[in-house]
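Here's model.txt, which has compact mmCIF, C-alpha atoms and all ligand atoms:
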```txt
# COMPACT_ATOMS: atom_id res chain seq x y z
CA MET A 118 -20.63 8.06 16.40
CA SER A 119 -19.82 4.63 14.95
CA LYS A 120 -16.23 3.65 14.41
CA ARG A 121 -14.65 3.82 10.98
CA ASP A 122 -12.26 1.24 9.52
CA LEU A 123 -9.77 1.47 6.66
CA LEU A 124 -9.70 -1.98 5.09
CA SER A 125 -9.65 -0.79 1.49
CA ILE A 126 -8.89 2.51 -0.20
CA THR A 127 -12.52 2.37 -1.39
CA ASP A 128 -13.62 2.93 2.21
CA LEU A 129 -12.73 6.57 1.51
CA THR A 130 -14.39 9.00 -0.89
CA LYS A 131 -12.41 11.13 -3.30
CA PRO A 132 -12.87 14.31 -1.17
CA GLU A 133 -11.74 12.37 1.92
CA ILE A 134 -8.59 11.21 0.12
CA GLU A 135 -7.95 14.78 -1.03
CA ASN A 136 -8.35 16.03 2.55
CA LEU A 137 -6.04 13.29 3.80
CA PHE A 138 -3.38 14.39 1.32
CA GLU A 139 -3.72 18.02 2.46
CA THR A 140 -3.18 16.92 6.06
CA ALA A 141 -0.21 14.74 5.04
CA LYS A 142 1.33 17.74 3.29
CA VAL A 143 1.05 19.74 6.51
CA PHE A 144 2.70 16.91 8.48
CA LYS A 145 5.51 16.70 5.96
CA LYS A 146 6.26 20.40 6.44
CA ASP A 147 5.80 20.43 10.20
CA PRO A 148 5.90 16.91 11.74
CA PHE A 149 4.95 18.01 15.25
CA CYS A 150 2.20 20.52 14.39
CA LYS A 151 -0.42 18.25 15.93
CA SER A 152 1.62 16.75 18.75
CA GLY A 153 -0.63 15.91 21.66
CA THR A 154 -3.71 15.38 19.48
CA LEU A 155 -3.73 11.65 20.25
CA LYS A 156 -2.54 12.09 23.85
CA SER A 157 -3.48 9.07 26.01
CA LYS A 158 -4.53 7.08 22.93
CA SER A 159 -3.02 3.67 22.24
CA ILE A 160 -3.08 1.39 19.24
CA ALA A 161 -1.77 -2.12 18.68
CA LEU A 162 -0.05 -3.35 15.56
CA VAL A 163 -1.25 -6.91 15.15
CA PHE A 164 1.20 -8.25 12.58
CA GLN A 165 1.27 -11.82 11.28
CA LYS A 166 4.12 -11.00 8.86
CA PRO A 167 7.34 -8.98 9.16
CA SER A 168 7.46 -5.24 8.37
CA ASN A 169 9.83 -2.31 8.26
CA ARG A 170 7.95 0.67 6.76
CA THR A 171 4.42 -0.05 7.98
CA ARG A 172 5.40 -0.89 11.53
CA VAL A 173 7.96 1.86 12.03
CA SER A 174 5.91 4.61 10.39
CA PHE A 175 2.81 3.77 12.46
CA GLU A 176 4.84 3.61 15.68
CA VAL A 177 6.65 6.89 15.00
CA GLY A 178 3.39 8.45 13.77
CA MET A 179 1.66 7.64 17.06
CA VAL A 180 4.54 9.13 19.07
CA ASP A 181 4.53 12.29 16.92
CA LEU A 182 0.81 12.70 17.68
CA GLY A 183 1.28 12.15 21.40
CA GLY A 184 -0.03 8.56 21.53
CA HIS A 185 1.43 5.12 21.99
CA ALA A 186 1.73 1.98 19.83
CA ILE A 187 2.19 -1.62 20.95
CA TYR A 188 3.70 -4.08 18.48
CA LEU A 189 2.17 -7.57 18.61
CA GLY A 190 4.23 -9.61 16.17
CA PRO A 191 3.63 -13.02 14.61
CA ASP A 192 4.68 -14.92 17.75
CA GLU A 193 2.65 -12.91 20.25
CA LEU A 194 -1.05 -12.80 19.60
CA LYS A 195 -1.19 -15.78 17.22
CA LEU A 196 -4.44 -14.47 15.82
CA GLY A 197 -6.97 -17.23 15.23
CA VAL A 198 -4.65 -19.87 16.69
CA ARG A 199 -4.20 -19.04 20.37
CA GLU A 200 -7.68 -17.58 20.49
CA SER A 201 -10.38 -16.75 17.95
CA ILE A 202 -10.16 -13.51 16.01
CA LYS A 203 -13.51 -12.56 17.52
CA ASP A 204 -12.24 -12.91 21.12
CA ALA A 205 -8.99 -11.11 20.34
CA ALA A 206 -10.90 -8.25 18.68
CA LYS A 207 -13.32 -7.84 21.57
CA VAL A 208 -10.61 -7.90 24.23
CA LEU A 209 -8.18 -5.59 22.40
CA SER A 210 -11.04 -3.12 21.89
CA ARG A 211 -11.37 -2.83 25.70
CA TYR A 212 -7.73 -1.67 26.00
CA LEU A 213 -7.06 0.27 22.85
CA ASP A 214 -8.26 3.08 20.60
CA GLY A 215 -7.35 1.43 17.31
CA LEU A 216 -5.77 -1.56 15.60
CA VAL A 217 -3.47 -1.88 12.62
CA ALA A 218 -3.50 -5.43 11.30
CA ARG A 219 -1.19 -7.23 8.87
CA THR A 220 -2.70 -10.59 7.99
CA PHE A 221 -2.23 -13.36 5.46
CA SER A 222 -5.89 -13.68 4.55
CA HIS A 223 -7.98 -10.59 3.83
CA ASP A 224 -10.87 -12.37 5.55
CA ASP A 225 -8.92 -12.19 8.83
CA VAL A 226 -8.65 -8.42 8.80
CA THR A 227 -12.33 -8.19 7.82
CA GLU A 228 -13.23 -10.47 10.73
CA LEU A 229 -11.12 -8.41 13.12
CA ALA A 230 -12.89 -5.24 11.98
CA LYS A 231 -16.28 -6.90 12.32
CA PHE A 232 -15.80 -7.66 16.01
CA ALA A 233 -13.54 -4.77 17.08
CA THR A 234 -15.35 -1.76 18.45
CA VAL A 235 -12.37 0.48 17.64
CA PRO A 236 -11.13 1.47 14.14
CA VAL A 237 -9.18 -1.22 12.30
CA ILE A 238 -6.61 -0.24 9.67
CA ASN A 239 -5.45 -2.79 7.12
CA GLY A 240 -1.64 -2.75 7.22
CA LEU A 241 -1.48 -5.28 4.33
CA SER A 242 -3.42 -8.43 3.57
CA ASP A 243 -3.05 -10.89 0.72
CA LEU A 244 -5.61 -8.82 -1.21
CA LEU A 245 -5.00 -5.15 -0.37
CA HIS A 246 -2.49 -2.64 0.99
CA PRO A 247 -4.54 0.57 1.32
CA CYS A 248 -2.00 2.59 3.36
CA GLN A 249 0.59 1.88 0.67
CA GLY A 250 -1.82 2.83 -2.13
CA LEU A 251 -2.73 6.11 -0.45
CA SER A 252 0.88 7.03 0.14
CA ASP A 253 1.80 6.06 -3.44
CA LEU A 254 -0.86 8.32 -4.89
CA PHE A 255 0.16 11.13 -2.51
CA THR A 256 3.73 10.71 -3.80
CA ILE A 257 2.60 10.73 -7.44
CA GLU A 258 0.62 13.96 -6.90
CA GLU A 259 3.53 15.48 -4.98
CA LYS A 260 5.86 14.82 -7.93
CA CYS A 261 3.50 15.17 -10.93
CA GLY A 262 0.69 17.43 -9.70
CA LYS A 263 -2.99 16.62 -9.54
CA GLY A 264 -3.58 16.24 -13.30
CA LYS A 265 -3.58 13.22 -15.59
CA VAL A 266 -0.63 10.85 -15.34
CA LYS A 267 0.10 7.53 -16.94
CA ILE A 268 1.14 4.95 -14.35
CA SER A 269 2.61 1.73 -15.68
CA PHE A 270 2.62 -1.16 -13.23
CA VAL A 271 4.94 -3.97 -14.31
CA GLY A 272 5.08 -7.30 -12.48
CA ASP A 273 2.83 -9.27 -10.16
CA GLY A 274 -0.87 -8.39 -9.94
CA ASN A 275 -1.17 -8.55 -6.17
CA ASN A 276 -2.11 -6.57 -3.03
CA VAL A 277 0.00 -3.48 -3.79
CA LEU A 278 -1.27 -3.23 -7.36
CA HIS A 279 -4.86 -3.77 -6.21
CA SER A 280 -4.80 -0.74 -3.91
CA LEU A 281 -2.95 1.39 -6.47
CA LEU A 282 -5.50 0.38 -9.11
CA LEU A 283 -8.51 1.22 -6.95
CA GLY A 284 -6.93 4.49 -5.78
CA SER A 285 -5.97 5.54 -9.33
CA SER A 286 -9.54 4.93 -10.43
CA ILE A 287 -10.91 7.11 -7.63
CA LEU A 288 -8.45 9.94 -8.35
CA GLY A 289 -8.77 9.75 -12.15
CA LYS A 290 -5.24 8.56 -12.98
CA ASP A 291 -4.56 6.26 -15.95
CA ILE A 292 -3.04 2.90 -15.12
CA PHE A 293 -1.52 0.43 -17.57
CA ILE A 294 -0.80 -2.97 -16.08
CA ALA A 295 1.66 -5.49 -17.51
CA THR A 296 1.77 -8.90 -15.85
CA PRO A 297 2.73 -12.38 -16.98
CA LYS A 298 -0.24 -14.53 -18.02
CA GLY A 299 -1.92 -15.93 -14.92
CA HIS A 300 -0.67 -13.10 -12.66
CA GLU A 301 -3.25 -10.48 -13.64
CA PRO A 302 -4.98 -8.56 -10.84
CA ASP A 303 -7.89 -10.20 -9.04
CA ALA A 304 -11.00 -10.21 -11.24
CA GLY A 305 -13.27 -8.80 -8.50
CA ILE A 306 -10.90 -5.90 -7.80
CA LEU A 307 -10.54 -5.17 -11.50
CA LYS A 308 -14.29 -5.10 -11.98
CA LYS A 309 -14.71 -2.72 -9.06
CA ALA A 310 -11.88 -0.47 -10.30
CA LYS A 311 -13.34 -0.35 -13.82
CA LYS A 312 -16.70 0.72 -12.46
CA ILE A 313 -15.12 3.52 -10.42
CA ALA A 314 -12.82 4.51 -13.31
CA SER A 315 -15.72 4.91 -15.72
CA SER A 316 -17.21 7.69 -13.63
CA ASN A 317 -13.83 9.40 -13.13
CA LYS A 318 -12.63 9.29 -16.76
CA SER A 319 -9.63 7.20 -15.87
CA VAL A 320 -8.16 4.53 -18.11
CA ILE A 321 -7.33 0.97 -17.05
CA GLU A 322 -5.50 -1.26 -19.52
CA LEU A 323 -4.12 -4.74 -19.08
CA THR A 324 -1.44 -6.38 -21.18
CA ASN A 325 1.13 -9.15 -21.03
CA ASP A 326 3.61 -6.95 -22.89
CA PRO A 327 5.76 -4.81 -20.55
CA ALA A 328 7.22 -2.73 -23.42
CA ALA A 329 3.75 -1.67 -24.58
CA SER A 330 2.75 -0.81 -21.03
CA VAL A 331 5.67 1.54 -20.25
CA LYS A 332 5.42 3.52 -23.52
CA ASP A 333 5.03 7.23 -22.62
CA ALA A 334 4.63 6.35 -18.94
CA ASP A 335 5.14 9.09 -16.34
CA VAL A 336 5.58 6.48 -13.60
CA ILE A 337 6.81 2.88 -13.67
CA TYR A 338 5.85 0.94 -10.56
CA THR A 339 6.91 -2.54 -9.56
CA ASP A 340 6.59 -4.91 -6.61
CA VAL A 341 8.24 -8.21 -5.69
CA TRP A 342 7.48 -11.28 -7.81
CA VAL A 343 6.98 -13.41 -4.72
CA SER A 344 5.00 -11.83 -1.89
CA MET A 345 5.20 -12.72 1.79
CA GLY A 346 3.51 -16.06 2.27
CA GLU A 347 3.96 -17.12 -1.39
CA GLU A 348 7.56 -18.34 -1.12
CA ALA A 349 6.60 -21.83 -2.31
CA ARG A 350 5.83 -20.54 -5.81
CA LYS A 351 9.25 -18.90 -6.19
CA LYS A 352 11.13 -21.27 -8.50
CA LYS A 353 8.11 -22.11 -10.60
CA SER A 354 7.18 -18.62 -11.68
CA PHE A 355 10.50 -16.83 -12.12
CA LYS A 356 10.95 -17.73 -15.77
CA LYS A 357 7.62 -16.08 -16.70
CA PHE A 358 8.49 -12.96 -14.73
CA LYS A 359 11.96 -12.40 -16.28
CA PRO A 360 10.71 -10.17 -19.17
CA PHE A 361 8.95 -8.00 -16.56
CA GLN A 362 12.14 -6.93 -14.81
CA VAL A 363 12.35 -3.15 -14.51
CA ASN A 364 15.81 -2.62 -15.98
CA LYS A 365 17.55 0.09 -18.00
CA LYS A 366 16.26 -1.25 -21.31
CA LEU A 367 12.61 -1.25 -20.21
CA VAL A 368 12.91 2.18 -18.58
CA SER A 369 14.40 3.61 -21.81
CA LEU A 370 11.04 2.96 -23.51
CA ALA A 371 9.16 5.31 -21.16
CA LYS A 372 9.34 9.12 -20.95
CA LYS A 373 12.90 10.37 -20.34
CA ASP A 374 12.04 11.71 -16.89
CA VAL A 375 9.86 8.72 -15.89
CA LEU A 376 9.61 8.20 -12.13
CA ILE A 377 10.47 4.76 -10.75
CA MET A 378 8.44 3.54 -7.80
CA HIS A 379 8.59 0.43 -5.62
CA CYS A 380 6.68 -0.17 -2.40
CA LEU A 381 9.77 -1.91 -0.92
CA PRO A 382 11.18 -4.24 0.26
CA ALA A 383 12.79 -4.74 -3.16
CA HIS A 384 14.41 -7.95 -4.29
CA ARG A 385 17.20 -6.20 -6.17
CA GLY A 386 18.27 -8.16 -9.24
CA GLU A 387 14.83 -9.78 -9.56
CA GLU A 388 11.94 -7.39 -10.30
CA ILE A 389 14.25 -4.33 -10.42
CA THR A 390 17.95 -3.84 -11.12
CA ASP A 391 20.35 -1.93 -8.87
CA GLU A 392 20.98 0.46 -11.73
CA VAL A 393 17.30 1.48 -11.90
CA MET A 394 16.70 1.45 -8.12
CA ASP A 395 19.68 3.75 -7.60
CA SER A 396 19.08 5.96 -10.65
CA LYS A 397 18.09 9.63 -10.46
CA ASN A 398 14.60 8.65 -11.70
CA SER A 399 13.97 6.50 -8.64
CA ILE A 400 11.73 8.03 -5.98
CA CYS A 401 11.50 4.87 -3.85
CA TYR A 402 12.84 6.45 -0.67
CA ASP A 403 10.62 9.55 -0.96
CA GLN A 404 7.75 7.11 -1.43
CA ALA A 405 8.78 5.20 1.70
CA GLU A 406 9.11 8.44 3.70
CA ASN A 407 5.63 9.50 2.69
CA ARG A 408 4.18 6.43 4.40
CA LEU A 409 4.81 8.26 7.68
CA HIS A 410 3.13 11.54 6.68
CA VAL A 411 0.10 9.86 5.11
CA GLN A 412 -0.39 7.41 7.98
CA LYS A 413 -0.34 10.25 10.49
CA ALA A 414 -3.16 11.81 8.48
CA ILE A 415 -5.01 8.46 8.56
CA LEU A 416 -4.55 8.14 12.33
CA LEU A 417 -5.79 11.66 12.85
CA MET A 418 -8.83 11.02 10.67
CA LEU A 419 -9.84 7.75 12.33
CA LEU A 420 -8.76 8.34 15.92
CA GLY A 421 -8.64 12.11 16.23
CA GLY A 422 -12.32 12.54 17.11
N1 LIG B 501 5.91 -1.37 1.81
C1 LIG B 501 5.69 -1.97 3.00
O1 LIG B 501 4.56 -2.18 3.44
O2 LIG B 501 6.84 -2.30 3.66
P1 LIG B 501 6.90 -3.22 4.94
O3 LIG B 501 6.50 -4.60 4.53
O4 LIG B 501 8.35 -3.16 5.36
O5 LIG B 501 5.98 -2.67 5.99
N1 LIG B 502 3.37 -7.70 -2.36
C1 LIG B 502 4.28 -7.58 -1.25
C2 LIG B 502 4.23 -6.20 -0.69
C3 LIG B 502 5.09 -5.96 0.51
C4 LIG B 502 4.96 -4.57 1.04
C5 LIG B 502 3.92 -8.62 -0.20
O1 LIG B 502 2.73 -8.83 0.05
O2 LIG B 502 4.84 -9.21 0.36
```
Since I need it in another form, could you write the structure as structure tokens?
Ligand code: CP
Ligand code: NVA
Amino acid sequence: MSKRDLLSITDLTKPEIENLFETAKVFKKDPFCKSGTLKSKSIALVFQKPSNRTRVSFEVGMVDLGGHAIYLGPDELKLGVRESIKDAAKVLSRYLDGLVARTFSHDDVTELAKFATVPVINGLSDLLHPCQGLSDLFTIEEKCGKGKVKISFVGDGNNVLHSLLLGSSILGKDIFIATPKGHEPDAGILKKAKKIASSNKSVIELTNDPAASVKDADVIYTDVWVSMGEEARKKKSFKKFKPFQVNKKLVSLAKKDVLIMHCLPAHRGEEITDEVMDSKNSICYDQAENRLHVQKAILLMLLGG
């Protein structure tokens, strides 16, 4: 059987995502129910950027399943610098059963997957963060059920939003996106999401008005204004982002029991205030925990045979 990669949430069908969530639910209840399933299997985490949640949850996930994970950080492999991505992919495939890659350019993770003969999982690129998107939607269904919800994303239209947008379209959730002008989601991703959404009766709306976007929202989601690798744009863009801060005033315009989500790491005091992060509406740590359960389900699906 040919190997299967997870570079985008759209690599999975709706029934596959639903199955993944069922498996994640089982792991959440009983973390060691499948211990030994990945016995003698090893993966490498090829990371060009720092990580807490993605790295730790994949490493712990592998141990829980009986396997092993090797962390190859930014200074180790030097993907595409010390040797070509093609050579690295071919060699790593001789040692390992899977790769999780965190790259700057999405083309790099695509190239890695092209030449690797083992499954490659995108652990965040400049374009997409599929593991995050899957775990976010798992968390939303865990808290709100499987029915219609209105998700309001407020902030920068980047990797995390892209995966949430594509995933929401597949699962039929409504997503309202408020970004400053010039920080809208990628046009190609939006087009793809709209096409998927039209066959799943899900709504996608874009605005530059955060107040309009959060009205009647069940979920308010935000991400940092400056992503890893974009630090140079920091000073320039902050003024435009100010009205998009998720603070008490903005949250008061949504439903009373609105859930607050953030992929983390958060830049407290920038895109979200302490008051909102630490409020009873915030589910950020549940969301972070679910990365572990969902990723174990992903590992089992791609490496479990
Ligand atoms: N949300 C997320 O991917 O966190 P890390 O960057 O810490 O892995
Ligand atoms: N958009 C952020 C997400 C971090 C998990 C970044 O790329 O840095």
Between CA of Leu419 in chain A and CA of Lys120 in chain A lies a distance of 7.9 Å
Please check which protein, DNA or RNA residues sit within 12 Å of ligand LIG 502 (chain B), counting all atoms listed in the file, and write them as a PyMOL selection string. chain A and resi 165-172+219-223+240-250+253+272-281+302+339-348+379-384+388+405+408
Identify, on the basis of all atoms listed in the file, every residue whose closest approach to range 324-329 of chain A does not exceed 7 Å; exclude the query and any residue fewer than 6 positions from it along the same chain; express the result as a PDB file with C-alpha atoms, in the frame of the given file.
```
ATOM      1  CA  VAL A 271       4.940  -3.970 -14.310  1.00  0.00           C
ATOM      2  CA  ILE A 294      -0.800  -2.970 -16.080  1.00  0.00           C
ATOM      3  CA  ALA A 295       1.660  -5.490 -17.510  1.00  0.00           C
ATOM      4  CA  THR A 296       1.770  -8.900 -15.850  1.00  0.00           C
ATOM      5  CA  PRO A 297       2.730 -12.380 -16.980  1.00  0.00           C
ATOM      6  CA  LYS A 298      -0.240 -14.530 -18.020  1.00  0.00           C
ATOM      7  CA  PHE A 361       8.950  -8.000 -16.560  1.00  0.00           C
ATOM      8  CA  LEU A 367      12.610  -1.250 -20.210  1.00  0.00           C
ATOM      9  CA  LEU A 370      11.040   2.960 -23.510  1.00  0.00           C
TER      10      LEU A 370
END
```
Atomic separation - atom O2 of ligand LIG 501 (chain B) relative to CA of Gly190 in chain A, Å: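 About the pair CA of Gly190 in chain A and atom O2 of ligand LIG 501 (chain B): they are 14.7 Å apart.
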Return as a Markdown table the residues of range 153-261 of chain A lying at most 12 Å from range 395-401 of chain A, together with the closest atom-to-atom pair for each and the distance in Å to one decimal, counting all atoms listed in the file, with rows in chain order and ascending residue number.
```
| residue | atom | partner | partner_atom | distance |
| --- | --- | --- | --- | --- |
| A:Arg170 | CA | A:Cys401 | CA | 12.0 |
| A:Ser252 | CA | A:Cys401 | CA | 11.5 |
| A:Asp253 | CA | A:Cys401 | CA | 9.8 |
| A:Thr256 | CA | A:Ile400 | CA | 8.7 |
| A:Ile257 | CA | A:Ile400 | CA | 9.6 |
| A:Glu259 | CA | A:Ile400 | CA | 11.1 |
| A:Lys260 | CA | A:Ile400 | CA | 9.2 |
| A:Cys261 | CA | A:Ile400 | CA | 12.0 |
```
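If you measure from each of A:Phe175, A:Ala334, A:Leu323, A:Ser152 to ligand LIG 501 (chain B) using only C-alpha atoms and all ligand atoms, the closest one turns out to be A:Phe175.
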Which neighbours of Lys151 in chain A fall inside 8 Å, counting all atoms listed in the file, when residues of the same chain fewer than 3 positions from it are skipped, and could you give them as JSON, numbers by chain? {"A": [148, 154, 181, 182]}
Selected residues, C-alpha atoms, written as an mmCIF file, keeping the file's coordinate frame, please.
```cif
data_model
loop_
_atom_site.group_PDB
_atom_site.id
_atom_site.type_symbol
_atom_site.label_atom_id
_atom_site.label_comp_id
_atom_site.auth_asym_id
_atom_site.auth_seq_id
_atom_site.Cartn_x
_atom_site.Cartn_y
_atom_site.Cartn_z
ATOM 1 C CA PRO A 148 5.900 16.910 11.740
ATOM 2 C CA THR A 154 -3.710 15.380 19.480
ATOM 3 C CA ASP A 181 4.530 12.290 16.920
ATOM 4 C CA LEU A 182 0.810 12.700 17.680
#
```
